[in-house]
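K.L.:
Here it is, the structure, as structure tokens.
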Amino acid sequence: MYAFDYQRPTSRMVAEFMKETNILQARVTRGTGGELRLAIAEGFDVPLPRDATVGEGAAPMLCLRPERIQLSAAPLASGARPAIVSDVIYLGDVVKYHVVLDDIQPRISLSVKALASDSASLLKAGARVGVDWYPDDIQILPG
């Protein structure tokens, strides 16, 4: 497998085979400005990636790699979704966080990987954080 296969999986099986990933169900809707968006939960939608070729009404699965998600210690960082850290796993040079987006229903759990600069800067379980990613970091998986 090549790095491209990891970054742009061609199916859910490939996405999950290539290590841990976040798979989310979405629905393509039209936003208030007329642009297409991915509705992940009630009151939670995100822009469609630029290379997306799905139309309104489609219900694709999304792949979001843990290392492509950014956490901010301030839960209300510009554009970030509020979440709570539910688990912290220190792996030496990498920290794996499990976070829960708790302001939406149903709640969504995500795995997030970040470089560990030092143990003093680790977020703790129960910490309120902001979660964000770039729209083009979402991969739409074929049905």
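Residues in the structure tokens are named by chain (A, B, ... in the order shown) and by number from 1 within that chain; ligands are numbered from 1 in the order shown.
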Skipping near chain neighbours, those fewer than 3 positions away, what residues fall within 10 Å of A:Pro82 using only C-alpha atoms, listed as JSON, numbers by chain?

P.N.:
{"A": [71, 72, 74, 75, 76, 77, 79, 99, 100, 101, 102, 103, 104, 128, 129, 130, 131, 132]}

K.L.:
The selected residues should be written to file as a PDB file, in the first residue's frame (atoms: N, CA and C atoms).

P.N.:
```pdb
ATOM      1  N   LEU A  71      -6.892  19.518  18.031  1.00  0.00           N
ATOM      2  CA  LEU A  71      -7.500  19.825  19.329  1.00  0.00           C
ATOM      3  C   LEU A  71      -6.964  21.152  19.811  1.00  0.00           C
ATOM      4  N   SER A  72      -7.821  21.961  20.389  1.00  0.00           N
ATOM      5  CA  SER A  72      -7.375  23.202  21.016  1.00  0.00           C
ATOM      6  C   SER A  72      -7.821  23.167  22.467  1.00  0.00           C
ATOM      7  N   ALA A  74      -8.734  25.541  24.186  1.00  0.00           N
ATOM      8  CA  ALA A  74      -9.881  26.437  24.361  1.00  0.00           C
ATOM      9  C   ALA A  74     -11.047  25.883  23.555  1.00  0.00           C
ATOM     10  N   PRO A  75     -12.123  25.447  24.203  1.00  0.00           N
ATOM     11  CA  PRO A  75     -13.219  24.823  23.467  1.00  0.00           C
ATOM     12  C   PRO A  75     -13.943  25.739  22.500  1.00  0.00           C
ATOM     13  N   LEU A  76     -13.799  27.021  22.633  1.00  0.00           N
ATOM     14  CA  LEU A  76     -14.511  27.933  21.743  1.00  0.00           C
ATOM     15  C   LEU A  76     -13.583  28.587  20.728  1.00  0.00           C
ATOM     16  N   ALA A  77     -12.494  27.879  20.387  1.00  0.00           N
ATOM     17  CA  ALA A  77     -11.587  28.402  19.369  1.00  0.00           C
ATOM     18  C   ALA A  77     -12.379  28.611  18.081  1.00  0.00           C
ATOM     19  N   GLY A  79     -14.316  28.419  15.073  1.00  0.00           N
ATOM     20  CA  GLY A  79     -14.797  27.334  14.241  1.00  0.00           C
ATOM     21  C   GLY A  79     -14.733  25.953  14.864  1.00  0.00           C
ATOM     22  N   VAL A  99     -12.277  11.723  22.191  1.00  0.00           N
ATOM     23  CA  VAL A  99     -13.076  12.886  22.547  1.00  0.00           C
ATOM     24  C   VAL A  99     -14.526  12.635  22.162  1.00  0.00           C
ATOM     25  N   VAL A 100     -15.419  13.305  22.873  1.00  0.00           N
ATOM     26  CA  VAL A 100     -16.849  13.182  22.613  1.00  0.00           C
ATOM     27  C   VAL A 100     -17.399  14.570  22.302  1.00  0.00           C
ATOM     28  N   LEU A 101     -17.989  14.711  21.128  1.00  0.00           N
ATOM     29  CA  LEU A 101     -18.685  15.949  20.787  1.00  0.00           C
ATOM     30  C   LEU A 101     -20.014  15.879  21.519  1.00  0.00           C
ATOM     31  N   ASP A 102     -20.116  16.608  22.603  1.00  0.00           N
ATOM     32  CA  ASP A 102     -21.264  16.424  23.495  1.00  0.00           C
ATOM     33  C   ASP A 102     -22.370  17.447  23.327  1.00  0.00           C
ATOM     34  N   ASP A 103     -22.229  18.358  22.362  1.00  0.00           N
ATOM     35  CA  ASP A 103     -23.265  19.373  22.182  1.00  0.00           C
ATOM     36  C   ASP A 103     -24.266  18.986  21.110  1.00  0.00           C
ATOM     37  N   ILE A 104     -24.166  17.776  20.593  1.00  0.00           N
ATOM     38  CA  ILE A 104     -25.074  17.310  19.558  1.00  0.00           C
ATOM     39  C   ILE A 104     -25.652  15.954  19.949  1.00  0.00           C
ATOM     40  N   ARG A 128     -12.303  20.110  28.702  1.00  0.00           N
ATOM     41  CA  ARG A 128     -13.125  20.641  27.618  1.00  0.00           C
ATOM     42  C   ARG A 128     -12.171  21.189  26.568  1.00  0.00           C
ATOM     43  N   VAL A 129     -12.405  20.783  25.313  1.00  0.00           N
ATOM     44  CA  VAL A 129     -11.517  21.149  24.222  1.00  0.00           C
ATOM     45  C   VAL A 129     -12.336  21.577  23.006  1.00  0.00           C
ATOM     46  N   GLY A 130     -11.636  22.117  22.037  1.00  0.00           N
ATOM     47  CA  GLY A 130     -12.219  22.391  20.738  1.00  0.00           C
ATOM     48  C   GLY A 130     -11.679  21.377  19.741  1.00  0.00           C
ATOM     49  N   VAL A 131     -12.532  20.914  18.839  1.00  0.00           N
ATOM     50  CA  VAL A 131     -12.163  19.930  17.822  1.00  0.00           C
ATOM     51  C   VAL A 131     -12.426  20.547  16.461  1.00  0.00           C
ATOM     52  N   ASP A 132     -11.448  20.424  15.561  1.00  0.00           N
ATOM     53  CA  ASP A 132     -11.611  21.010  14.238  1.00  0.00           C
ATOM     54  C   ASP A 132     -10.785  20.224  13.231  1.00  0.00           C
TER      55      ASP A 132
END
```

K.L.:
If you count only C-alpha atoms, which residues fall within 8 Å of A:Ile23, apart from same-chain ones fewer than 3 positions away, as a PyMOL selection string?

P.N.:
chain A and resi 61-64

K.L.:
Using DSSP secondary structure from the backbone, list all strand (DSSP E) positions within chain A, as a ChimeraX atom specification.

P.N.:
/A:22-25,27-30,36-41,44-47,61-64,70-72,81-90,94-101,108-115,128-132,139-141

K.L.:
Which one is closest to A:Val46: A:Arg30, A:Arg107, A:Lys113, A:Lys96? Count only C-alpha atoms.

P.N.:
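The closest residue to A:Val46 is A:Arg30.
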
K.L.:
Can you pull out the residues contacting A:Ala116? Cut-off 9 Å, using only C-alpha atoms, and skip same-chain residues under 2 positions away; I want them as a compact mmCIF listing (two decimals) with N, CA and C atoms, in the first residue's frame.

P.N.:
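result_31.txt written:
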```txt
# COMPACT_ATOMS: atom_id res chain seq x y z
N TYR A 90 -1.02 7.76 26.31
CA TYR A 90 0.30 8.30 26.01
C TYR A 90 1.14 7.19 25.38
N LEU A 91 1.63 7.42 24.17
CA LEU A 91 2.40 6.41 23.45
C LEU A 91 3.84 6.85 23.18
N GLY A 92 4.38 7.71 24.01
CA GLY A 92 5.74 8.20 23.83
C GLY A 92 5.75 9.45 22.98
N ASP A 93 5.96 9.30 21.67
CA ASP A 93 6.01 10.47 20.79
C ASP A 93 4.63 10.90 20.31
N VAL A 94 3.61 10.08 20.55
CA VAL A 94 2.25 10.37 20.12
C VAL A 94 1.29 10.18 21.29
N VAL A 95 0.26 10.99 21.32
CA VAL A 95 -0.80 10.84 22.31
C VAL A 95 -2.09 10.56 21.55
N ALA A 114 -2.10 13.12 18.32
CA ALA A 114 -1.31 14.35 18.31
C ALA A 114 0.11 14.02 18.73
N ASP A 118 5.63 17.20 25.33
CA ASP A 118 6.09 16.83 26.67
C ASP A 118 4.88 16.43 27.50
N SER A 119 5.12 15.64 28.54
CA SER A 119 4.00 15.11 29.32
C SER A 119 3.25 16.20 30.08
N SER A 121 2.22 18.97 28.89
CA SER A 121 1.24 19.63 28.02
C SER A 121 0.09 18.70 27.63
N LEU A 122 0.07 17.48 28.15
CA LEU A 122 -0.99 16.55 27.81
C LEU A 122 -2.33 17.05 28.34
```

K.L.:
Extract, using only C-alpha atoms, all DNA, RNA and protein residues at most 8 Å from A:Val88, discarding same-chain residues fewer than 3 positions from it, and format them as a VMD selection string.

P.N.:
chain A and resid 85 95 to 98 123 to 125

K.L.:
Could you take the residues named above and write them with C-alpha atoms, as a PDB file, in the first residue's frame?

P.N.:
```pdb
ATOM      1  CA  VAL A  85     -11.684  14.365  26.404  1.00  0.00           C
ATOM      2  CA  VAL A  95      -0.802  10.836  22.309  1.00  0.00           C
ATOM      3  CA  LYS A  96      -4.094   9.233  21.378  1.00  0.00           C
ATOM      4  CA  TYR A  97      -7.163  11.037  22.670  1.00  0.00           C
ATOM      5  CA  HIS A  98     -10.741   9.904  22.573  1.00  0.00           C
ATOM      6  CA  LEU A 123      -4.704  17.156  28.003  1.00  0.00           C
ATOM      7  CA  LYS A 124      -6.404  15.323  30.853  1.00  0.00           C
ATOM      8  CA  ALA A 125      -9.527  13.177  30.747  1.00  0.00           C
TER       9      ALA A 125
END
```

K.L.:
Quote the spacing between atom CA of A:Pro142 and atom CA of A:Val54 in Å to one decimal place.

P.N.:
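Going from atom CA of A:Pro142 over to atom CA of A:Val54 covers 9.5 Å.
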
K.L.:
As an mmCIF file with N, CA and C atoms, in the first residue's frame, please: every residue in stretch 63-143 of chain A that DSSP puts in helix (DSSP H, G or I).

P.N.:
```cif
data_model
loop_
_atom_site.group_PDB
_atom_site.id
_atom_site.type_symbol
_atom_site.label_atom_id
_atom_site.label_comp_id
_atom_site.auth_asym_id
_atom_site.auth_seq_id
_atom_site.Cartn_x
_atom_site.Cartn_y
_atom_site.Cartn_z
ATOM 1 N N PRO A 66 -7.417 10.127 12.389
ATOM 2 C CA PRO A 66 -7.179 10.715 13.715
ATOM 3 C C PRO A 66 -6.105 11.804 13.733
ATOM 4 N N GLU A 67 -5.083 11.665 12.911
ATOM 5 C CA GLU A 67 -3.996 12.650 12.916
ATOM 6 C C GLU A 67 -4.358 13.916 12.152
ATOM 7 N N ARG A 68 -5.484 13.940 11.451
ATOM 8 C CA ARG A 68 -5.919 15.120 10.706
ATOM 9 C C ARG A 68 -6.826 16.023 11.537
ATOM 10 N N SER A 119 5.117 15.643 28.538
ATOM 11 C CA SER A 119 3.999 15.111 29.321
ATOM 12 C C SER A 119 3.250 16.203 30.079
ATOM 13 N N ALA A 120 3.877 17.341 30.335
ATOM 14 C CA ALA A 120 3.207 18.426 31.063
ATOM 15 C C ALA A 120 2.112 19.074 30.211
ATOM 16 N N SER A 121 2.223 18.974 28.888
ATOM 17 C CA SER A 121 1.236 19.631 28.017
ATOM 18 C C SER A 121 0.090 18.698 27.628
ATOM 19 N N PRO A 135 -11.920 20.883 5.763
ATOM 20 C CA PRO A 135 -12.893 20.134 4.954
ATOM 21 C C PRO A 135 -12.238 19.111 4.025
ATOM 22 N N ASP A 136 -11.093 19.457 3.451
ATOM 23 C CA ASP A 136 -10.440 18.542 2.510
ATOM 24 C C ASP A 136 -9.778 17.349 3.204
ATOM 25 N N ASP A 137 -9.776 17.330 4.538
ATOM 26 C CA ASP A 137 -9.271 16.163 5.263
ATOM 27 C C ASP A 137 -10.321 15.065 5.377
#
```

K.L.:
Can you work out which one of A:Ala83, A:Leu48, A:Leu115, A:Ile108 has the shortest atom-to-atom distance to A:Tyr134, counting only C-alpha atoms?

P.N.:
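Residue with the minimum atom-to-atom distance to A:Tyr134: A:Leu48.
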
K.L.:
Please determine, counting only C-alpha atoms, which residue among A:Trp133, A:Thr32, A:Gly55, A:Ala26 has the shortest atom-to-atom distance to A:Arg81.

P.N.:
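Looking only at the distances to A:Arg81, the closest residue turns out to be A:Trp133.
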
K.L.:
Provide the atom CA of A:Pro60 to atom CA of A:Gln25 distance in Å, to one decimal place.

P.N.:
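Interatomic distance here is 6.3 Å.
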
K.L.:
Closest to A:Thr53 among A:Ala41, A:Val28, A:Ile69, A:Ala127, using only C-alpha atoms?

P.N.:
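Using only C-alpha atoms, the shortest distance to A:Thr53 belongs to A:Val28.
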